[in-house]
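This report refers to the structure that appears directly beneath it.
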Amino acid sequence: MPSYVALLRGINVGGRNPVAMQALAACFLDAGYANVRTHLQSGNVLFDAALSDAAALETALDDLLAAAFEVAIPTVVRSRDELADTIASAPADHGSPDLRSDVFFLKRPLTVEAAMGQVPELREGVDSIAPGPGALYFSRVEDRATKTRITKFMSMPVFQQMTVRTWRTTTRLLQMLDE
């Protein structure tokens, strides 16, 4: 069975939408997914599924989680190969020690082109953003991170169709899928 990661948006943040990782894993297991495990409290679920369509899995998991936890939990699903492609396609300096680097994963049907078209002007010498497969790579210079302008983008409606993971978490998730 193919391996996937589900990236849940908006749980366990600032006391809002609390979801225990044990309950989340149990929900996936009860729904018939295999090899289920979680990583961190921010809603990263690794699992195997017979279904080989990540878009269909997103829809199924959105419905499953809404029913189980009685709150809408937007879910972004990436196959092991899609996640590997996202990591391999990152800008060369993404994740360097001089930068705080994140990946903004896009929820289908949002396209990279549509998301990039809404990115406001960023601060030169501080912020950078680049398109990738189903994601945007965002970095800010570590010692100037407080000067970022990305918060304007994060307050826009389009941002509700994304979920963010640090570069370190993103690469760790792929390592976990490969273990």
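By convention in this document, the chains of the structure tokens carry letters A, B, ... by their order, each chain's residues are numbered from 1, and ligands are numbered from 1 in the order they are shown.
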Q.
as a ChimeraX atom specification, please: the residues near Arg140 in chain A (cut-off 6 Å, only C-alpha atoms, same-chain neighbours under 2 positions excluded).
A. /A:99-100,126-127,145
Q.
Give me, as a list in words, all polymer residues having an atom no more than 7 Å from Leu46 in chain A, counting only C-alpha atoms and skipping those fewer than 3 positions away in the same chain.
A.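 What passes the distance filter is Tyr4, Val5, Ala6, Val36, Arg37, Thr38 and Leu177 of chain A.
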Q. Which residue, A:Met21, A:Met1, A:Val158, A:Leu8, has the smallest gap to Val119 in chain A when you use only C-alpha atoms?
A.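 Looking only at the distances to Val119 in chain A, the closest residue turns out to be A:Val158.
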Find the residues near Ala54 in chain A: any atom within 8 Å, counting only C-alpha atoms, skip ones fewer than 6 places away on the same chain, and give them as a CSV table (one decimal) with N, CA, C and O atoms, in the first residue's frame.
chain,number,residue,atom,x,y,z
A,77,VAL,N,-3.0,16.2,1.9
A,77,VAL,CA,-2.4,14.9,1.8
A,77,VAL,C,-1.3,14.9,0.7
A,77,VAL,O,-1.5,15.4,-0.4
A,78,ARG,N,-0.2,14.3,1.1
A,78,ARG,CA,0.9,14.1,0.1
A,78,ARG,C,1.4,12.7,0.2
A,78,ARG,O,1.6,12.1,1.3
A,79,SER,N,1.5,12.1,-1.0
A,79,SER,CA,2.1,10.7,-1.0
A,79,SER,C,3.6,10.8,-0.7
A,79,SER,O,4.2,11.9,-0.7
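Among the candidates A:Pro109, A:Pro74, A:Gly134, A:Pro120, the residue lying nearest to Met154 in chain A is A:Pro120 (atoms considered: only C-alpha atoms).
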Q. Please, which residues of chain A, numbered as in this document, come out helix (DSSP H, G or I) from DSSP, as an MDAnalysis selection string?
A. chainID A and resid 21:30 54:69 80:88 112:116 142:147 150:154 157:161 167:178
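With only C-alpha atoms taken into account, the protein and nucleic acid residues at most 7 Å from Ile129 in chain A (excluding it and anything under 6 positions from it in its own chain) are A:Leu136, A:Tyr137, A:Phe138, A:Ser139.
Around Gly15 in chain A, within 12 Å and counting only C-alpha atoms, the residues found are Gly10, Ala20, Gln41 and Ser42 of chain A, once anything fewer than 5 positions away on its own chain is removed.
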For Val76 in chain A, list every protein, DNA or RNA residue within 8 Å, evaluated using only C-alpha atoms, and leave out those in the same chain fewer than 3 positions away; present the list as an mmCIF file with N, CA and C atoms, in the first residue's frame.
data_model
loop_
_atom_site.group_PDB
_atom_site.id
_atom_site.type_symbol
_atom_site.label_atom_id
_atom_site.label_comp_id
_atom_site.auth_asym_id
_atom_site.auth_seq_id
_atom_site.Cartn_x
_atom_site.Cartn_y
_atom_site.Cartn_z
ATOM 1 N N ALA A 6 -0.637 13.086 6.148
ATOM 2 C CA ALA A 6 -1.744 14.033 6.228
ATOM 3 C C ALA A 6 -1.268 15.187 7.099
ATOM 4 N N LEU A 7 -1.364 16.392 6.562
ATOM 5 C CA LEU A 7 -0.951 17.600 7.262
ATOM 6 C C LEU A 7 -2.225 18.348 7.645
ATOM 7 N N LEU A 8 -2.567 18.301 8.912
ATOM 8 C CA LEU A 8 -3.804 18.909 9.374
ATOM 9 C C LEU A 8 -3.578 20.378 9.675
ATOM 10 N N ARG A 9 -4.582 21.190 9.357
ATOM 11 C CA ARG A 9 -4.475 22.625 9.555
ATOM 12 C C ARG A 9 -5.305 23.052 10.760
ATOM 13 N N GLU A 58 -7.737 13.409 0.585
ATOM 14 C CA GLU A 58 -7.981 14.690 1.265
ATOM 15 C C GLU A 58 -9.463 14.864 1.573
ATOM 16 N N PHE A 105 2.170 24.211 2.262
ATOM 17 C CA PHE A 105 1.542 23.166 1.459
ATOM 18 C C PHE A 105 0.150 23.631 1.042
ATOM 19 N N LEU A 106 -0.157 23.503 -0.238
ATOM 20 C CA LEU A 106 -1.432 23.967 -0.781
ATOM 21 C C LEU A 106 -2.455 22.846 -0.785
ATOM 22 N N LYS A 107 -3.642 23.186 -0.321
ATOM 23 C CA LYS A 107 -4.755 22.236 -0.342
ATOM 24 C C LYS A 107 -5.402 22.268 -1.719
ATOM 25 N N ARG A 108 -5.610 21.110 -2.281
ATOM 26 C CA ARG A 108 -6.267 21.029 -3.584
ATOM 27 C C ARG A 108 -7.669 21.618 -3.479
ATOM 28 N N MET A 162 -4.036 26.605 2.921
ATOM 29 C CA MET A 162 -2.651 26.153 3.054
ATOM 30 C C MET A 162 -2.404 25.693 4.485
ATOM 31 N N THR A 163 -1.382 24.896 4.646
ATOM 32 C CA THR A 163 -0.890 24.565 5.973
ATOM 33 C C THR A 163 0.626 24.653 5.926
#
Q: Would you please extract all strand (DSSP E) residues from range 59-179 of chain A, as assigned by DSSP on the backbone, and give them as number ranges by chain?
A: A: 75-79, 99-106, 127-132, 135-141, 162-166
Q: Quick one: pull the distance between CA of Leu51 in chain A and CA of Cys27 in chain A, Å, one decimal.
A: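 Atom-to-atom, CA of Leu51 in chain A and CA of Cys27 in chain A are spaced 17.1 Å apart.
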Q: Tell me which of A:Thr146, A:Thr111, A:Asn35, A:Ser3 sits closest to Gly132 in chain A, counting only C-alpha atoms.
A: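 Between A:Thr146, A:Thr111, A:Asn35, A:Ser3, the residue approaching Gly132 in chain A most closely is A:Thr111.
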